[in-house]
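The next block holds one structure in the form of structure tokens; read it before the comments.
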Amino acid sequence: MAQVTPGIYEVQVDKNYCKACGLCVAWCPQDVLADDDEGYPFAPHLEKCINCKLCERHCPDFAIEIIAPSEVLVIEDILAEGA
Amino acid sequence: MKVQTSFIIKEYLRPEMLPSTWCGGCGLGIIMGAIAQAVHFKGLDKDNVAMVSGIGCTGRMSGYMDFNTIHTTHGRAPAFATGLKMARPEMTVLTVMGDGDAMSIGGNHLIHAMRRNIGMVAIVVNNSVYGLTGGQTSPTTPIGGHTTTAQSGSFERPMNLEALARTAGAAFYARATVNHTAALTKLIERALDVSGFALVEIISNCHVLFGKMNQMAEASKMIAAMDEDTQRTNPTLLRRADLPIRLTSPESPSAPVHELTEMEDVEDESRTWRGVMFERKGSVDLSKRYYDMLGKIHAQQRAAEEAN
């Protein structure tokens, strides 16, 4: 299990895809995300993000993505190396 | 485990078709992502996967996913998929239908696809309402649910797809919700392993039409309610429910389900089960049986010709 270090992740929201449904904000367990004036999500408390990806899983429009820094191993990379 | 969103868009979707025409917060997008992940984790070649869809909100999914796709007539997706599977038995066929598409308009085709046990994964997205046409009562609207055509609450009994699948002869039946996304991916993965007709019913949300009339106008509220309305299957209870069906000999110690003593620390609840409902062991896909039979006939003919 990879070590979780809060605060090193970035949230990327694609406003071309986002429909401002509020699911990612409702599901965020760390209260990282919040609605802006138009209803789109933004991340006022990015330092609390633990990369759980619940927002990614519940986004119906593939608009939000958590970016881990390149030096942090992603699970897919570990699996690809093992295969 | 989760595949990166950008990877799904690049590999399994048609980015030029996005964003989808579905309402904001519709569970169909979550289901689309789960299908892409299940196909990815199974290691299937996407050129060897076919997606067949009918008409309705769900029917649009075949336009967004980058498999071999057919968008067919209303309710006839299982019929088209049967022909596809018989002609190209090496293909993995995914049939995507809504609740109205699968159970009312295409009810016949669904029953006969299950009876034949043709090898496909049928995904029935159940949002309790006819979403595309304006929120009319569908075969799965719960009793008391308010819709456009049942303003004071529906009084018809909703259809029990699980009992129908069990009786008609489907090989696998699972129920998932768009709330429990990890389980959703896992259940589609398990359905892809099945030889024969595998049905995955997915409880989705229509907060715009059904939710608005039932005090759940927000997508997050309606999806969160699925956690309270459903519970995971208890494998022990399922085994006990299977008991009278499995033991067919009259001398064998079987008992009707209602006579079984209640288990301790298991509450008797009316919540909908989610998880694998049943799986028939040793089920063989119809297309495989057909081509095996054809091979035997050809071998016999060759042997007869050589004898002459």
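In the structure tokens, chains take the letters A, B, ... in the order shown, each chain's residues start at 1, and ligands count up from 1 in the order shown.
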
Give the residues of chain B that lie within 8 Å of chain A; count only C-alpha atoms, and format the answer as a short mmCIF file (atom, residue, chain, number, x, y, z; two decimals) with all heavy atoms, in the first residue's frame.
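Result written to selection_11.cif:
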data_model
loop_
_atom_site.label_atom_id
_atom_site.label_comp_id
_atom_site.auth_asym_id
_atom_site.auth_seq_id
_atom_site.Cartn_x
_atom_site.Cartn_y
_atom_site.Cartn_z
N MET B 1 -9.11 0.10 -6.77
CA MET B 1 -8.36 0.28 -8.01
C MET B 1 -9.19 1.12 -8.99
O MET B 1 -10.38 0.99 -9.05
CB MET B 1 -8.03 -1.08 -8.62
CG MET B 1 -6.81 -1.01 -9.46
SD MET B 1 -6.01 -2.59 -9.79
CE MET B 1 -7.26 -3.81 -9.65
N LYS B 2 -8.51 1.97 -9.73
CA LYS B 2 -9.23 2.92 -10.58
C LYS B 2 -8.35 3.27 -11.75
O LYS B 2 -7.16 3.49 -11.59
CB LYS B 2 -9.55 4.17 -9.73
CG LYS B 2 -10.04 5.37 -10.49
CD LYS B 2 -11.54 5.31 -10.67
CE LYS B 2 -12.06 6.60 -11.25
NZ LYS B 2 -11.71 6.81 -12.66
N VAL B 3 -8.95 3.29 -12.93
CA VAL B 3 -8.22 3.74 -14.11
C VAL B 3 -8.34 5.25 -14.19
O VAL B 3 -9.39 5.81 -13.88
CB VAL B 3 -8.80 3.06 -15.37
CG1 VAL B 3 -8.08 3.53 -16.60
CG2 VAL B 3 -8.71 1.57 -15.25
N GLN B 4 -7.26 5.91 -14.59
CA GLN B 4 -7.28 7.37 -14.69
C GLN B 4 -8.37 7.83 -15.66
O GLN B 4 -8.56 7.23 -16.72
CB GLN B 4 -5.93 7.88 -15.19
CG GLN B 4 -4.79 7.66 -14.22
CD GLN B 4 -4.83 8.61 -13.05
OE1 GLN B 4 -5.05 9.79 -13.22
NE2 GLN B 4 -4.67 8.09 -11.85
N THR B 5 -9.06 8.90 -15.28
CA THR B 5 -10.14 9.44 -16.11
C THR B 5 -9.66 9.78 -17.51
O THR B 5 -10.32 9.44 -18.50
CB THR B 5 -10.70 10.70 -15.42
OG1 THR B 5 -11.22 10.32 -14.17
CG2 THR B 5 -11.78 11.31 -16.25
N SER B 6 -8.51 10.43 -17.61
CA SER B 6 -8.01 10.83 -18.93
C SER B 6 -7.72 9.61 -19.80
O SER B 6 -7.89 9.63 -21.01
CB SER B 6 -6.75 11.67 -18.78
OG SER B 6 -5.85 11.05 -17.89
N ILE B 9 -11.09 8.35 -21.19
CA ILE B 9 -11.56 9.19 -22.29
C ILE B 9 -10.78 8.88 -23.56
O ILE B 9 -11.33 8.75 -24.65
CB ILE B 9 -11.43 10.69 -21.92
CG1 ILE B 9 -12.38 11.02 -20.79
CG2 ILE B 9 -11.73 11.57 -23.12
CD1 ILE B 9 -12.26 12.43 -20.29
N LEU B 18 -18.21 13.92 -26.69
CA LEU B 18 -18.42 14.41 -25.33
C LEU B 18 -18.49 15.94 -25.31
O LEU B 18 -17.90 16.58 -26.19
CB LEU B 18 -17.31 13.91 -24.42
CG LEU B 18 -17.26 12.40 -24.18
CD1 LEU B 18 -16.02 12.04 -23.38
CD2 LEU B 18 -18.49 11.91 -23.46
N PRO B 19 -19.12 16.58 -24.36
CA PRO B 19 -19.86 16.00 -23.24
C PRO B 19 -21.17 15.35 -23.70
O PRO B 19 -21.72 15.73 -24.73
CB PRO B 19 -20.13 17.19 -22.33
CG PRO B 19 -20.11 18.36 -23.24
CD PRO B 19 -19.12 18.06 -24.30
N SER B 20 -21.64 14.40 -22.91
CA SER B 20 -22.84 13.67 -23.28
C SER B 20 -24.07 14.57 -23.18
O SER B 20 -24.03 15.62 -22.54
CB SER B 20 -23.01 12.47 -22.35
OG SER B 20 -23.12 12.92 -21.02
N CYS B 23 -28.44 14.60 -18.58
CA CYS B 23 -28.54 15.69 -17.62
C CYS B 23 -27.35 15.63 -16.65
O CYS B 23 -26.79 14.57 -16.41
CB CYS B 23 -29.83 15.57 -16.82
SG CYS B 23 -31.28 15.26 -17.80
N GLY B 24 -27.01 16.77 -16.08
CA GLY B 24 -25.93 16.81 -15.11
C GLY B 24 -26.25 15.95 -13.90
O GLY B 24 -27.31 16.07 -13.32
N GLY B 25 -25.33 15.05 -13.53
CA GLY B 25 -25.55 14.19 -12.39
C GLY B 25 -26.20 12.87 -12.70
O GLY B 25 -26.45 12.08 -11.80
N CYS B 26 -26.48 12.59 -13.99
CA CYS B 26 -27.12 11.32 -14.35
C CYS B 26 -26.14 10.17 -14.14
O CYS B 26 -24.97 10.27 -14.51
CB CYS B 26 -27.58 11.35 -15.80
SG CYS B 26 -28.39 9.83 -16.30
N GLY B 27 -26.64 9.08 -13.56
CA GLY B 27 -25.79 7.94 -13.24
C GLY B 27 -25.27 7.20 -14.46
O GLY B 27 -24.38 6.35 -14.34
N LEU B 28 -25.82 7.48 -15.65
CA LEU B 28 -25.39 6.75 -16.83
C LEU B 28 -23.91 6.97 -17.13
O LEU B 28 -23.24 6.07 -17.61
CB LEU B 28 -26.23 7.18 -18.04
CG LEU B 28 -27.62 6.57 -18.10
CD1 LEU B 28 -28.49 7.31 -19.08
CD2 LEU B 28 -27.53 5.12 -18.50
N GLY B 29 -23.40 8.17 -16.82
CA GLY B 29 -21.99 8.42 -17.03
C GLY B 29 -21.13 7.58 -16.11
O GLY B 29 -20.07 7.08 -16.52
N ILE B 30 -21.58 7.39 -14.87
CA ILE B 30 -20.85 6.55 -13.92
C ILE B 30 -20.83 5.11 -14.44
O ILE B 30 -19.80 4.43 -14.37
CB ILE B 30 -21.52 6.62 -12.53
CG1 ILE B 30 -21.53 8.06 -12.03
CG2 ILE B 30 -20.81 5.72 -11.55
CD1 ILE B 30 -22.34 8.27 -10.76
N ILE B 31 -21.96 4.66 -15.00
CA ILE B 31 -22.05 3.29 -15.52
C ILE B 31 -21.11 3.14 -16.72
O ILE B 31 -20.42 2.13 -16.87
CB ILE B 31 -23.51 2.98 -15.91
CG1 ILE B 31 -24.39 2.96 -14.67
CG2 ILE B 31 -23.61 1.65 -16.63
CD1 ILE B 31 -25.85 3.01 -14.95
N GLY B 33 -18.33 4.75 -17.27
CA GLY B 33 -16.97 4.63 -16.75
C GLY B 33 -16.71 3.26 -16.17
O GLY B 33 -15.63 2.68 -16.36
N ASN B 179 -24.30 4.26 -6.72
CA ASN B 179 -23.65 4.77 -5.52
C ASN B 179 -22.40 3.95 -5.23
O ASN B 179 -21.33 4.51 -4.96
CB ASN B 179 -24.63 4.68 -4.35
CG ASN B 179 -24.11 5.35 -3.10
OD1 ASN B 179 -22.92 5.47 -2.91
ND2 ASN B 179 -25.01 5.77 -2.26
N THR B 181 -19.73 2.34 -6.56
CA THR B 181 -19.10 2.28 -7.88
C THR B 181 -18.08 1.16 -7.98
O THR B 181 -17.93 0.56 -9.03
CB THR B 181 -18.43 3.61 -8.19
OG1 THR B 181 -17.70 4.03 -7.05
CG2 THR B 181 -19.43 4.66 -8.56
N ALA B 219 -29.13 15.34 -7.50
CA ALA B 219 -28.53 14.05 -7.88
C ALA B 219 -27.82 13.41 -6.70
O ALA B 219 -27.96 12.21 -6.45
CB ALA B 219 -27.55 14.26 -9.02
N SER B 220 -27.09 14.23 -5.92
CA SER B 220 -26.32 13.66 -4.81
C SER B 220 -27.26 13.07 -3.75
O SER B 220 -26.98 12.01 -3.18
CB SER B 220 -25.45 14.74 -4.18
OG SER B 220 -26.23 15.85 -3.82
#

- request: Might you pull out every residue within 7 Å of region 31-36 of chain A, with only C-alpha atoms counted and same-chain residues fewer than 3 positions away left off, and present them as an MDAnalysis selection string?
  value: chainID A and resid 25 28 39:46 48:49

Write the residues you've just listed into a file as a short mmCIF file (atom, residue, chain, number, x, y, z; two decimals), in the first residue's frame, and include all heavy atoms for each of them.
data_model
loop_
_atom_site.label_atom_id
_atom_site.label_comp_id
_atom_site.auth_asym_id
_atom_site.auth_seq_id
_atom_site.Cartn_x
_atom_site.Cartn_y
_atom_site.Cartn_z
N VAL A 25 -18.52 17.34 -5.04
CA VAL A 25 -18.51 18.11 -3.80
C VAL A 25 -19.22 17.33 -2.70
O VAL A 25 -18.79 17.30 -1.55
CB VAL A 25 -19.18 19.48 -4.03
CG1 VAL A 25 -19.18 20.30 -2.76
CG2 VAL A 25 -18.49 20.24 -5.14
N CYS A 28 -16.87 14.26 -1.49
CA CYS A 28 -15.51 14.46 -0.98
C CYS A 28 -15.48 14.27 0.55
O CYS A 28 -16.15 14.99 1.28
CB CYS A 28 -15.00 15.86 -1.33
SG CYS A 28 -13.29 16.08 -0.81
N GLY A 39 -21.44 27.07 -9.72
CA GLY A 39 -21.73 25.68 -9.39
C GLY A 39 -20.62 24.72 -9.76
O GLY A 39 -20.70 23.54 -9.45
N TYR A 40 -19.59 25.20 -10.44
CA TYR A 40 -18.47 24.32 -10.80
C TYR A 40 -17.61 24.07 -9.57
O TYR A 40 -17.47 24.94 -8.70
CB TYR A 40 -17.62 24.96 -11.90
CG TYR A 40 -18.32 25.08 -13.23
CD1 TYR A 40 -18.72 26.31 -13.72
CD2 TYR A 40 -18.59 23.94 -13.98
CE1 TYR A 40 -19.37 26.42 -14.93
CE2 TYR A 40 -19.24 24.04 -15.19
CZ TYR A 40 -19.63 25.27 -15.67
OH TYR A 40 -20.28 25.36 -16.86
N PRO A 41 -17.01 22.88 -9.47
CA PRO A 41 -16.18 22.61 -8.30
C PRO A 41 -14.81 23.27 -8.40
O PRO A 41 -14.25 23.40 -9.49
CB PRO A 41 -16.04 21.08 -8.31
CG PRO A 41 -16.21 20.71 -9.73
CD PRO A 41 -17.13 21.72 -10.35
N PHE A 42 -14.28 23.71 -7.28
CA PHE A 42 -12.88 24.12 -7.19
C PHE A 42 -12.36 23.64 -5.85
O PHE A 42 -13.12 23.14 -5.02
CB PHE A 42 -12.71 25.63 -7.40
CG PHE A 42 -13.15 26.47 -6.23
CD1 PHE A 42 -12.22 27.22 -5.50
CD2 PHE A 42 -14.49 26.53 -5.86
CE1 PHE A 42 -12.64 28.00 -4.42
CE2 PHE A 42 -14.90 27.31 -4.79
CZ PHE A 42 -13.98 28.04 -4.07
N ALA A 43 -11.07 23.73 -5.65
CA ALA A 43 -10.45 23.09 -4.48
C ALA A 43 -9.84 24.13 -3.55
O ALA A 43 -8.66 24.46 -3.66
CB ALA A 43 -9.40 22.10 -4.95
N PRO A 44 -10.64 24.65 -2.60
CA PRO A 44 -10.07 25.64 -1.67
C PRO A 44 -9.17 25.01 -0.61
O PRO A 44 -8.32 25.69 -0.06
CB PRO A 44 -11.30 26.28 -1.05
CG PRO A 44 -12.38 25.28 -1.19
CD PRO A 44 -12.07 24.46 -2.39
N HIS A 45 -9.36 23.72 -0.32
CA HIS A 45 -8.55 23.06 0.72
C HIS A 45 -7.78 21.90 0.11
O HIS A 45 -7.91 20.76 0.52
CB HIS A 45 -9.46 22.57 1.86
CG HIS A 45 -10.25 23.67 2.48
ND1 HIS A 45 -9.66 24.69 3.19
CD2 HIS A 45 -11.57 23.93 2.47
CE1 HIS A 45 -10.60 25.53 3.61
NE2 HIS A 45 -11.76 25.09 3.19
N LEU A 46 -6.96 22.21 -0.86
CA LEU A 46 -6.22 21.20 -1.59
C LEU A 46 -5.25 20.44 -0.69
O LEU A 46 -4.95 19.27 -0.93
CB LEU A 46 -5.45 21.85 -2.74
CG LEU A 46 -4.95 20.96 -3.86
CD1 LEU A 46 -6.10 20.16 -4.45
CD2 LEU A 46 -4.33 21.81 -4.95
N LYS A 48 -5.76 19.10 2.01
CA LYS A 48 -6.37 17.96 2.73
C LYS A 48 -6.58 16.75 1.84
O LYS A 48 -6.96 15.69 2.33
CB LYS A 48 -7.73 18.39 3.29
CG LYS A 48 -7.65 19.37 4.46
CD LYS A 48 -9.00 19.39 5.14
CE LYS A 48 -9.42 20.79 5.53
NZ LYS A 48 -10.86 20.88 5.76
N CYS A 49 -6.35 16.88 0.53
CA CYS A 49 -6.69 15.80 -0.42
C CYS A 49 -5.83 14.56 -0.15
O CYS A 49 -4.62 14.66 0.02
CB CYS A 49 -6.48 16.27 -1.85
SG CYS A 49 -6.84 15.00 -3.07
#

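If you look at CA of Cys55 (chain A) and CA of Met216 (chain B), they are 20.5 Å away from each other.
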
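Among the candidate residues B:Ala307, B:Met293, B:Asn214, B:Ala171, the one lying nearest to Arg280 (chain B) is B:Ala171, with distances computed using only C-alpha atoms.
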
message: Residues near region 50-66 of chain B, anyone? I mean within 6 Å using only C-alpha atoms, not counting same-chain ones fewer than 4 positions away, as a list in words.
response: Tyr12, Leu13, Arg14, Ile70, His71, Thr72, Thr73, His74, Gly75, Ala77, Val93, Leu94, Thr95, Val96, Met97, Gly98 and Leu132 of chain B

Selection: 8 Å around Thr230 (chain B), only C-alpha atoms, excl. self and same-chain fewer than 6 positions, as number ranges by chain: B: 271-274

- request: Could you tell me, as a ChimeraX atom specification, which residues of region 26-211 of chain B DSSP assigns to helix (DSSP H, G or I) when given the backbone?
  value: /B:28-41,46-48,58-64,77-87,99-105,107-116,161-168,181-193,207-211

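The nearest approach to Thr82 (chain B) among the residues B:Gln231, B:Thr140, B:Ser287, B:Thr167, with only C-alpha atoms taken into account, belongs to B:Ser287.
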
Nearby residues (only C-alpha atoms) at most 12 Å from Ser154 (chain B), same-chain spacing under 5 positions excluded, as a tab-separated table (two decimals) with N, CA, C and O atoms, in the first residue's frame:
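around_10.tsv written:
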chain	number	residue	atom	x	y	z
B	128	SER	N	-36.43	3.62	-12.71
B	128	SER	CA	-37.83	3.63	-12.24
B	128	SER	C	-38.76	4.51	-13.05
B	128	SER	O	-39.89	4.73	-12.62
B	129	VAL	N	-38.33	5.01	-14.20
B	129	VAL	CA	-39.17	5.97	-14.90
B	129	VAL	C	-38.76	5.99	-16.37
B	129	VAL	O	-37.65	5.59	-16.71
B	136	GLN	N	-42.78	9.22	-17.56
B	136	GLN	CA	-44.01	8.42	-17.37
B	136	GLN	C	-43.70	7.19	-16.50
B	136	GLN	O	-42.55	6.81	-16.35
B	137	THR	N	-44.77	6.58	-15.98
B	137	THR	CA	-44.62	5.38	-15.15
B	137	THR	C	-44.04	4.25	-15.99
B	137	THR	O	-44.50	3.99	-17.09
B	138	SER	N	-43.04	3.58	-15.46
B	138	SER	CA	-42.41	2.46	-16.16
B	138	SER	C	-42.70	1.17	-15.40
B	138	SER	O	-43.26	1.22	-14.30
B	139	PRO	N	-42.33	0.00	-15.94
B	139	PRO	CA	-42.63	-1.25	-15.22
B	139	PRO	C	-41.94	-1.36	-13.87
B	139	PRO	O	-42.27	-2.25	-13.09
B	140	THR	N	-40.96	-0.52	-13.58
B	140	THR	CA	-40.25	-0.66	-12.32
B	140	THR	C	-40.53	0.48	-11.35
B	140	THR	O	-39.87	0.58	-10.32
B	141	THR	N	-41.49	1.34	-11.66
B	141	THR	CA	-41.83	2.41	-10.72
B	141	THR	C	-42.35	1.79	-9.42
B	141	THR	O	-43.27	0.98	-9.46
B	142	PRO	N	-41.77	2.13	-8.28
B	142	PRO	CA	-42.23	1.52	-7.03
B	142	PRO	C	-43.66	1.99	-6.68
B	142	PRO	O	-44.10	3.05	-7.12
B	143	ILE	N	-44.35	1.17	-5.88
B	143	ILE	CA	-45.70	1.54	-5.45
B	143	ILE	C	-45.61	2.83	-4.64
B	143	ILE	O	-44.78	2.95	-3.74
B	144	GLY	N	-46.43	3.82	-5.00
B	144	GLY	CA	-46.41	5.09	-4.30
B	144	GLY	C	-45.46	6.10	-4.89
B	144	GLY	O	-45.41	7.24	-4.42
B	145	GLY	N	-44.70	5.70	-5.91
B	145	GLY	CA	-43.79	6.65	-6.55
B	145	GLY	C	-44.56	7.60	-7.45
B	145	GLY	O	-45.40	7.18	-8.24
B	146	HIS	N	-44.30	8.89	-7.32
B	146	HIS	CA	-45.02	9.87	-8.12
B	146	HIS	C	-44.32	10.07	-9.46
B	146	HIS	O	-43.11	10.26	-9.50
B	147	THR	N	-45.07	9.98	-10.55
B	147	THR	CA	-44.52	10.24	-11.88
B	147	THR	C	-45.48	11.16	-12.63
B	147	THR	O	-46.53	11.53	-12.11
B	148	THR	N	-45.12	11.50	-13.88
B	148	THR	CA	-45.96	12.39	-14.67
B	148	THR	C	-47.34	11.78	-14.90
B	148	THR	O	-48.35	12.48	-14.88
B	149	THR	N	-47.38	10.45	-15.14
B	149	THR	CA	-48.67	9.81	-15.40
B	149	THR	C	-49.28	9.18	-14.15
B	149	THR	O	-50.32	8.54	-14.25
B	210	PHE	N	-37.93	11.80	-11.95
B	210	PHE	CA	-38.49	11.00	-10.84
B	210	PHE	C	-38.15	11.64	-9.50
B	210	PHE	O	-39.01	11.72	-8.62
B	213	MET	N	-40.25	14.79	-8.44
B	213	MET	CA	-41.61	14.55	-7.97
B	213	MET	C	-41.63	13.75	-6.67
B	213	MET	O	-42.70	13.49	-6.13
B	214	ASN	N	-40.47	13.30	-6.20
B	214	ASN	CA	-40.42	12.48	-4.99
B	214	ASN	C	-39.46	13.05	-3.95
B	214	ASN	O	-38.77	12.29	-3.26
